[in-house]
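Colleague: Sharing coords_12.cif (mmCIF, C-alpha atoms) below.
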```
data_coords
loop_
_atom_site.label_atom_id
_atom_site.label_comp_id
_atom_site.auth_asym_id
_atom_site.auth_seq_id
_atom_site.Cartn_x
_atom_site.Cartn_y
_atom_site.Cartn_z
CA MET A 8 28.54 -21.33 -14.25
CA LYS A 9 24.96 -21.95 -13.20
CA VAL A 10 24.18 -22.00 -9.53
CA ARG A 11 21.16 -23.89 -8.30
CA ALA A 12 18.80 -21.73 -6.29
CA LYS A 13 17.97 -23.18 -2.91
CA LYS A 14 15.29 -22.41 -0.35
CA GLU A 15 16.75 -21.99 3.09
CA LEU A 16 15.66 -20.22 6.26
CA GLY A 17 12.59 -18.89 4.47
CA GLN A 18 14.68 -16.95 1.94
CA HIS A 19 13.96 -16.49 -1.75
CA PHE A 20 16.93 -17.04 -4.03
CA LEU A 21 17.44 -15.35 -7.38
CA LYS A 22 17.57 -17.88 -10.21
CA ASP A 23 17.69 -15.59 -13.28
CA LEU A 24 21.35 -15.19 -14.25
CA ASP A 25 20.64 -12.29 -16.62
CA ILE A 26 19.11 -10.32 -13.75
CA ALA A 27 22.04 -11.24 -11.49
CA LYS A 28 24.48 -9.98 -14.11
CA ARG A 29 22.57 -6.70 -14.43
CA ILE A 30 22.67 -6.20 -10.66
CA ALA A 31 26.42 -6.90 -10.56
CA GLU A 32 27.00 -4.35 -13.30
CA THR A 33 25.38 -1.55 -11.29
CA ILE A 34 28.70 -0.89 -9.55
CA GLU A 35 30.91 -1.36 -12.61
CA THR A 36 32.57 1.72 -14.12
CA PRO A 37 30.56 1.83 -17.38
CA ALA A 38 27.30 1.81 -15.43
CA LEU A 39 28.25 4.55 -13.00
CA PRO A 40 27.45 8.21 -13.55
CA GLU A 41 30.41 10.34 -14.63
CA LYS A 42 31.08 11.78 -11.19
CA ALA A 43 31.35 8.31 -9.67
CA LYS A 44 33.73 6.69 -12.17
CA LYS A 45 36.62 7.28 -9.81
CA TRP A 46 34.99 4.68 -7.54
CA GLY A 47 34.78 2.04 -10.26
CA GLN A 48 37.82 0.09 -9.09
CA LEU A 49 37.05 0.04 -5.39
CA PRO A 50 37.06 -3.32 -3.60
CA ILE A 51 33.60 -4.81 -3.12
CA VAL A 52 31.69 -6.10 -0.11
CA GLU A 53 28.71 -8.32 -0.95
CA VAL A 54 26.05 -8.76 1.73
CA GLY A 55 24.17 -12.06 1.91
CA PRO A 56 25.61 -13.95 -1.09
CA GLY A 57 23.44 -17.01 -0.37
CA MET A 58 24.22 -19.53 -3.12
CA GLY A 59 26.53 -17.15 -5.00
CA VAL A 60 24.25 -16.21 -7.89
CA LEU A 61 25.46 -12.61 -7.74
CA SER A 62 28.94 -13.45 -6.46
CA GLN A 63 29.94 -15.30 -9.64
CA PHE A 64 29.53 -12.12 -11.68
CA LEU A 65 31.19 -9.89 -9.11
CA MET A 66 34.22 -12.21 -9.18
CA GLN A 67 34.55 -11.62 -12.92
CA SER A 68 35.18 -7.90 -12.34
CA GLY A 69 38.72 -8.59 -11.18
CA ARG A 70 38.17 -6.38 -8.15
CA GLU A 71 38.90 -7.56 -4.62
CA LEU A 72 35.71 -9.06 -3.22
CA LYS A 73 34.59 -10.13 0.23
CA ALA A 74 31.22 -11.83 0.68
CA VAL A 75 29.61 -11.56 4.13
CA GLU A 76 27.29 -14.47 4.92
CA LEU A 77 25.66 -15.39 8.23
CA ASP A 78 24.19 -18.80 7.39
CA THR A 79 26.65 -21.65 8.03
CA GLU A 80 25.23 -23.94 5.35
CA SER A 81 25.48 -21.20 2.73
CA VAL A 82 29.07 -20.50 3.80
CA GLU A 83 29.97 -24.18 3.29
CA PHE A 84 28.27 -24.20 -0.11
CA LEU A 85 30.09 -21.05 -1.25
CA LYS A 86 33.48 -22.33 -0.17
CA LYS A 87 32.90 -25.59 -2.04
CA VAL A 88 31.49 -24.12 -5.27
CA PHE A 89 33.57 -20.91 -5.31
CA PRO A 90 36.90 -21.79 -3.66
CA ASP A 91 38.43 -18.49 -4.81
CA LEU A 92 35.70 -16.40 -3.18
CA ASN A 93 36.70 -14.70 0.07
CA VAL A 94 33.77 -15.57 2.32
CA VAL A 95 33.49 -13.78 5.66
CA GLU A 96 31.18 -15.65 8.01
CA GLY A 97 29.29 -13.32 10.32
CA ASP A 98 26.43 -10.90 10.88
CA PHE A 99 26.88 -7.80 8.72
CA LEU A 100 24.74 -5.73 11.09
CA LYS A 101 27.06 -6.50 14.01
CA MET A 102 30.36 -6.07 12.17
CA ASN A 103 32.87 -3.28 12.42
CA LEU A 104 33.08 -2.59 8.69
CA CYS A 105 36.52 -1.07 9.10
CA ASP A 106 37.72 -4.63 9.67
CA LEU A 107 36.69 -5.63 6.14
CA PHE A 108 38.78 -3.06 4.27
CA SER A 109 41.00 -0.30 5.62
CA GLY A 110 39.91 2.14 2.93
CA GLU A 111 36.76 2.80 0.91
CA PHE A 112 34.72 0.02 -0.67
CA ALA A 113 31.58 -0.48 -2.73
CA LEU A 114 28.66 -2.32 -1.13
CA ILE A 115 26.28 -4.56 -3.02
CA GLY A 116 23.87 -7.38 -2.36
CA ASN A 117 20.59 -9.11 -2.89
CA TYR A 118 19.73 -7.81 0.54
CA PRO A 119 17.60 -9.94 2.90
CA TYR A 120 14.25 -8.17 2.85
CA ASN A 121 13.61 -8.47 6.57
CA ILE A 122 16.74 -6.47 7.46
CA SER A 123 17.25 -4.27 4.39
CA SER A 124 16.33 -1.03 6.19
CA GLN A 125 18.76 -1.88 9.00
CA ILE A 126 21.50 -2.47 6.44
CA PHE A 127 21.00 0.99 4.96
CA PHE A 128 20.94 2.62 8.38
CA LYS A 129 24.31 0.94 8.95
CA VAL A 130 25.55 2.35 5.65
CA LEU A 131 24.93 5.82 7.08
CA ASP A 132 27.22 5.02 10.00
CA TYR A 133 29.99 4.21 7.51
CA LYS A 134 29.17 6.76 4.81
CA GLU A 135 32.78 7.97 4.68
CA LYS A 136 33.91 4.43 3.78
CA ILE A 137 31.09 3.50 1.38
CA PRO A 138 30.81 5.91 -1.58
CA VAL A 139 28.80 3.48 -3.72
CA VAL A 140 25.91 1.24 -2.64
CA ALA A 141 23.84 -0.88 -5.01
CA GLY A 142 21.65 -3.93 -4.99
CA MET A 143 18.21 -5.45 -4.81
CA LEU A 144 15.65 -5.17 -2.07
CA GLN A 145 11.90 -5.17 -1.62
CA LYS A 146 10.41 -2.73 -4.12
CA GLU A 147 8.53 -0.83 -1.43
CA VAL A 148 11.75 -0.11 0.49
CA ALA A 149 13.68 0.67 -2.71
CA GLN A 150 11.04 3.20 -3.74
CA ARG A 151 11.02 4.72 -0.25
CA ILE A 152 14.77 5.29 -0.32
CA CYS A 153 14.59 7.02 -3.71
CA SER A 154 11.32 8.90 -3.22
CA LYS A 155 11.08 12.68 -3.33
CA PRO A 156 9.25 15.17 -1.08
CA GLY A 157 5.50 14.97 -1.51
CA SER A 158 5.48 11.21 -2.04
CA LYS A 159 3.39 9.06 0.28
CA VAL A 160 6.39 6.79 0.88
CA TYR A 161 8.90 9.58 1.54
CA GLY A 162 10.14 9.14 5.08
CA ILE A 163 12.98 8.79 7.56
CA LEU A 164 15.22 6.59 5.41
CA SER A 165 14.60 8.80 2.36
CA VAL A 166 15.78 11.97 4.06
CA LEU A 167 18.72 10.49 5.96
CA LEU A 168 20.14 8.71 2.91
CA GLN A 169 19.48 11.53 0.46
CA ALA A 170 21.33 13.93 2.76
CA TRP A 171 24.52 12.07 1.84
CA TYR A 172 23.77 10.09 -1.32
CA ASP A 173 22.25 10.57 -4.76
CA CYS A 174 19.68 7.76 -4.92
CA GLU A 175 18.59 6.12 -8.19
CA TYR A 176 15.87 3.56 -8.72
CA LEU A 177 17.22 1.46 -11.60
CA PHE A 178 14.78 -1.32 -12.48
CA ASP A 179 12.06 -3.70 -11.24
CA VAL A 180 12.59 -7.40 -10.58
CA PRO A 181 9.47 -9.63 -10.79
CA PRO A 182 8.73 -12.49 -8.34
CA THR A 183 9.00 -15.06 -11.15
CA VAL A 184 12.82 -14.89 -11.23
CA PHE A 185 13.09 -16.24 -7.67
CA SER A 186 12.83 -19.70 -6.19
CA PRO A 187 10.40 -19.85 -4.52
CA PRO A 188 8.63 -16.71 -5.86
CA PRO A 189 8.11 -14.13 -3.08
CA LYS A 190 4.76 -12.43 -2.55
CA VAL A 191 6.31 -9.00 -3.13
CA ASN A 192 8.04 -7.26 -6.02
CA SER A 193 11.69 -6.28 -5.90
CA GLY A 194 13.68 -3.31 -7.12
CA VAL A 195 17.33 -2.49 -7.80
CA ILE A 196 18.80 0.81 -6.67
CA ARG A 197 22.17 2.58 -6.66
CA LEU A 198 23.38 5.20 -4.20
CA THR A 199 26.45 7.36 -4.86
CA ARG A 200 27.91 9.81 -2.36
CA ASN A 201 27.05 13.39 -3.12
CA SER A 202 29.35 16.38 -2.61
CA ARG A 203 28.08 17.19 0.90
CA THR A 204 30.81 16.94 3.53
CA ASP A 205 28.96 18.61 6.39
CA LEU A 206 25.29 19.18 7.19
CA GLY A 207 25.91 22.59 8.69
CA CYS A 208 23.93 21.53 11.73
CA GLU A 209 24.26 19.04 14.57
CA GLU A 210 23.85 15.61 12.98
CA LYS A 211 22.41 13.99 16.11
CA LEU A 212 19.72 16.67 16.33
CA PHE A 213 19.09 16.39 12.57
CA LYS A 214 18.33 12.67 12.97
CA ASN A 215 16.13 13.35 15.99
CA VAL A 216 14.15 16.03 14.13
CA ILE A 217 13.53 13.68 11.19
CA LYS A 218 12.56 10.68 13.31
CA THR A 219 10.32 12.78 15.56
CA SER A 220 8.67 14.46 12.56
CA PHE A 221 7.86 11.24 10.73
CA GLY A 222 6.90 9.49 13.95
CA GLN A 223 3.63 11.41 13.64
CA ARG A 224 3.67 12.06 9.91
CA ARG A 225 -0.03 12.93 9.66
CA LYS A 226 0.43 15.82 12.06
CA THR A 227 1.89 19.20 11.27
CA LEU A 228 5.43 19.87 12.45
CA ARG A 229 4.02 22.29 15.03
CA ASN A 230 2.43 19.31 16.77
CA SER A 231 4.98 16.58 16.13
CA LEU A 232 7.99 18.69 17.14
CA ALA A 233 6.39 20.41 20.14
CA SER A 234 8.65 18.58 22.57
CA LEU A 235 11.75 20.02 20.87
CA ILE A 236 10.64 23.67 20.91
CA PRO A 237 10.85 25.87 24.02
CA VAL A 238 7.53 27.42 25.02
CA ASN A 239 8.59 31.00 24.33
CA SER A 240 10.72 30.33 21.26
CA PRO A 241 10.11 32.57 18.21
CA ILE A 242 10.17 29.49 15.99
CA TRP A 243 6.51 28.89 16.88
CA GLN A 244 5.63 31.67 14.47
CA ASP A 245 7.54 30.23 11.52
CA PRO A 246 5.24 29.02 8.69
CA ILE A 247 7.29 25.85 8.19
CA LEU A 248 5.65 24.43 11.32
CA ALA A 249 2.29 24.42 9.56
CA ARG A 250 3.59 21.83 7.07
CA ARG A 251 3.73 18.05 7.28
CA PRO A 252 7.10 16.26 7.25
CA GLU A 253 6.68 14.55 3.87
CA THR A 254 6.64 17.98 2.16
CA LEU A 255 10.11 19.04 3.34
CA SER A 256 13.25 18.55 1.27
CA VAL A 257 16.58 17.53 2.79
CA ASP A 258 17.76 21.15 2.75
CA GLU A 259 14.58 22.28 4.49
CA PHE A 260 15.11 19.67 7.20
CA ILE A 261 18.65 20.95 7.62
CA ASN A 262 17.39 24.52 7.97
CA LEU A 263 14.70 23.38 10.39
CA THR A 264 17.34 21.64 12.49
CA LYS A 265 19.37 24.86 12.59
CA MET A 266 16.28 26.71 13.81
CA LEU A 267 15.74 24.10 16.52
CA THR A 268 19.33 24.21 17.75
CA PRO A 269 19.00 25.42 21.37
CA SER A 270 21.41 28.32 20.88
CA ASN A 271 19.36 29.62 17.93
CA ASN A 272 15.78 29.48 19.18
CA LYS A 273 15.92 31.47 22.38
CA MET A 274 13.91 34.62 22.92
CA PRO A 275 15.94 37.77 22.11
#
```
Will you turn the file into structure tokens for me?
Modeller:
Amino acid sequence: MKVRAKKELGQHFLKDLDIAKRIAETIETPALPEKAKKWGQLPIVEVGPGMGVLSQFLMQSGRELKAVELDTESVEFLKKVFPDLNVVEGDFLKMNLCDLFSGEFALIGNYPYNISSQIFFKVLDYKEKIPVVAGMLQKEVAQRICSKPGSKVYGILSVLLQAWYDCEYLFDVPPTVFSPPPKVNSGVIRLTRNSRTDLGCEEKLFKNVIKTSFGQRRKTLRNSLASLIPVNSPIWQDPILARRPETLSVDEFINLTKMLTPSNNKMP
């Protein structure tokens, strides 16, 4: 079935069905890495289905599917064109995702570019329920999520997501496959939960260390983290503080957080 792309609320709708099919297949069992095949039959939550270009292929998987859409006109269109699609009208960012499925589920979408980062921050809040995340977003954000230490785009979202997920950049999507064509390029990524079950440090402090570090990313950690280190703490002498945040791996941020834990950085 072909679905007519439609401009609405300033959005750009995917019109290339081959690309839509490829995106849908990123959470299918044959496309998943070996360690994630056990997740291949999970129910699916699609974010922002719009006119259903991606939904039609997800429905073919035979897996239980719920499509979360905020726009009323799109909801009416979906219910008319895809009467068998379970459309949940509401704001994904404000939802309690436990209300969608009681157990684990896979998340996918052609994510609205203006809120894509917020969507992935929400994924972190539900990481125990979402072992697989895939979909399309602005290329810049997709690259940031999957970037490695030393990259200019490596940042807060990179570290927080990679602490819990293996992140893969799968393929580019050009502006020409949208109606109307956006002024930016797009990229498709897949995240699968890694084997980490515990950071080994206080998670709230871990997030604070990362956000504070990258809040002044051009400064060394000695300067950016000064507010988190007691004046007489021995950590001031540690060489890691001479580095900039984009050079630290996830494990190094975890170790740094352990060092900054109040009970660990007092004078002997």
Colleague: Which one is closest to Asn103 (chain A): A:Lys136, A:Ser158, A:Leu21, A:Pro246? Count all atoms listed in the file.
Modeller: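 Result for the nearest residue to Asn103 (chain A): A:Lys136.
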Colleague: Hey, which bits of region 40-132 of chain A sit within 10 Å of region 167-176 of chain A, and for each residue what's the closest pair of atoms and how far apart in Å (one decimal), counting all atoms listed in the file, rows by chain and increasing number, as a Markdown table?
Modeller:
```
| residue | atom | partner | partner_atom | distance |
| --- | --- | --- | --- | --- |
| A:Phe127 | CA | A:Leu168 | CA | 8.0 |
| A:Phe128 | CA | A:Leu168 | CA | 8.2 |
| A:Val130 | CA | A:Leu168 | CA | 8.8 |
| A:Leu131 | CA | A:Leu168 | CA | 7.0 |
```
Colleague: With C-alpha atoms kept, could you save the residues just selected as a CSV table (one decimal), in the frame of the given file?
Modeller:
```
chain,number,residue,atom,x,y,z
A,127,PHE,CA,21.0,1.0,5.0
A,128,PHE,CA,20.9,2.6,8.4
A,130,VAL,CA,25.6,2.4,5.6
A,131,LEU,CA,24.9,5.8,7.1
```
Colleague: Just so the selection is clear, what residues does the PyMOL selection byres ((chain A and resi 181) around 12) cover here, as a PyMOL selection string?
Modeller: chain A and resi 21-23+26+143-146+178-180+182-186+188-195
Colleague: Please return as a PyMOL selection string every residue within 12 Å of (34.1, 14.7, 4.6), taking into account all atoms listed in the file and the file's own coordinates.
Modeller: chain A and resi 133-136+138+171+200-206
Colleague: Which residue, A:Gly207, A:Leu164, A:Leu61, A:Phe20, has the smallest gap to Tyr120 (chain A) when you use all atoms listed in the file?
Modeller: A:Phe20
Colleague: Show which residues sit within 9 Å of Lys214 (chain A), as an NGL selection string. Count only C-alpha atoms, and ignore same-chain residues fewer than 5 positions away.
Modeller: :A and (163 or 167 or 209 or 219)
Colleague: Go ahead and save the picked residues with C-alpha atoms, as a PDB file, in the coordinates of the input.
Modeller:
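File written: selection-v8.pdb
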```pdb
ATOM      1  CA  ILE A 163      12.980   8.790   7.560  1.00  0.00           C
ATOM      2  CA  LEU A 167      18.720  10.490   5.960  1.00  0.00           C
ATOM      3  CA  GLU A 209      24.260  19.040  14.570  1.00  0.00           C
ATOM      4  CA  THR A 219      10.320  12.780  15.560  1.00  0.00           C
TER       5      THR A 219
END
```
Colleague: Given the point (27.3, -4.1, -0.7) in the coordinates of this file, which residues lie within 7 Å, counting only C-alpha atoms, and how would they look as JSON, numbers by chain?
Modeller: {"A": [51, 52, 53, 54, 113, 114, 115, 116, 140, 141]}
Colleague: Taking all atoms listed in the file into account, which of A:Thr33, A:Ser81, A:Ser109, A:Ser165 comes nearest Ser124 (chain A)?
Modeller: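 Between A:Thr33, A:Ser81, A:Ser109, A:Ser165, the residue approaching Ser124 (chain A) most closely is A:Ser165.
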Colleague: Return as lines of an AutoDock Vina configuration file the box centre and box size in Å, one decimal, for an axis-aligned box around all listed atoms of region 240-245 of chain A padded by 5 Å per side.
Modeller:
```
center_x = 8.2
center_y = 30.7
center_z = 16.4
size_x = 15.1
size_y = 13.7
size_z = 19.7
```
Colleague: What is the distance, in Å and to one decimal place, between CA of Ile247 (chain A) and CA of Arg225 (chain A)?
Modeller: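 Between CA of Ile247 (chain A) and CA of Arg225 (chain A) the gap is 14.9 Å.
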Colleague: What is the distance between CA of Gly47 (chain A) and CA of Glu32 (chain A), in Å to one decimal?
Modeller: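 If I compute the distance from CA of Gly47 (chain A) to CA of Glu32 (chain A), I get 10.5 Å.
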Colleague: Let me make sure I understand: among A:Ser220, A:Gln125, A:Asn93, A:Thr199, which one has the smallest atom-to-atom distance to Ile34 (chain A) if we use all atoms listed in the file?
Modeller: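 When distances to Ile34 (chain A) are compared using all atoms listed in the file, the smallest one comes from A:Thr199.
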Colleague: Would you pick out the contacts of Pro50 (chain A) at 7 Å or less, using all atoms listed in the file, so that residues sharing its chain but fewer than 3 positions from it are not included, and give the list as a count of residues only?
Modeller: 5
Colleague: Against region 253-269 of chain A, which residues of region 159-205 of chain A fall within 7 Å? For each one I want the closest pair of atoms and the distance in Å (one decimal), counting all atoms listed in the file, rows by chain and increasing residue number, as a Markdown table.
Modeller:
```
| residue | atom | partner | partner_atom | distance |
| --- | --- | --- | --- | --- |
| A:Tyr161 | CA | A:Glu253 | CA | 5.9 |
| A:Gly162 | CA | A:Glu253 | CA | 6.5 |
| A:Val166 | CA | A:Val257 | CA | 5.8 |
| A:Ala170 | CA | A:Val257 | CA | 6.0 |
```
Colleague: Between A:Lys87, A:Asp98, A:Gly142, A:Glu41, which is the closest to Leu65 (chain A) once you count only C-alpha atoms?
Modeller: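 Using only C-alpha atoms, Leu65 (chain A) sits closest to A:Gly142.
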Colleague: Measuring atom to atom with only C-alpha atoms, identify which of A:Pro119, A:Pro187, A:Pro56, A:Gly222 is nearest to Val148 (chain A).
Modeller: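 The answer is A:Pro119, which sits nearest to Val148 (chain A).
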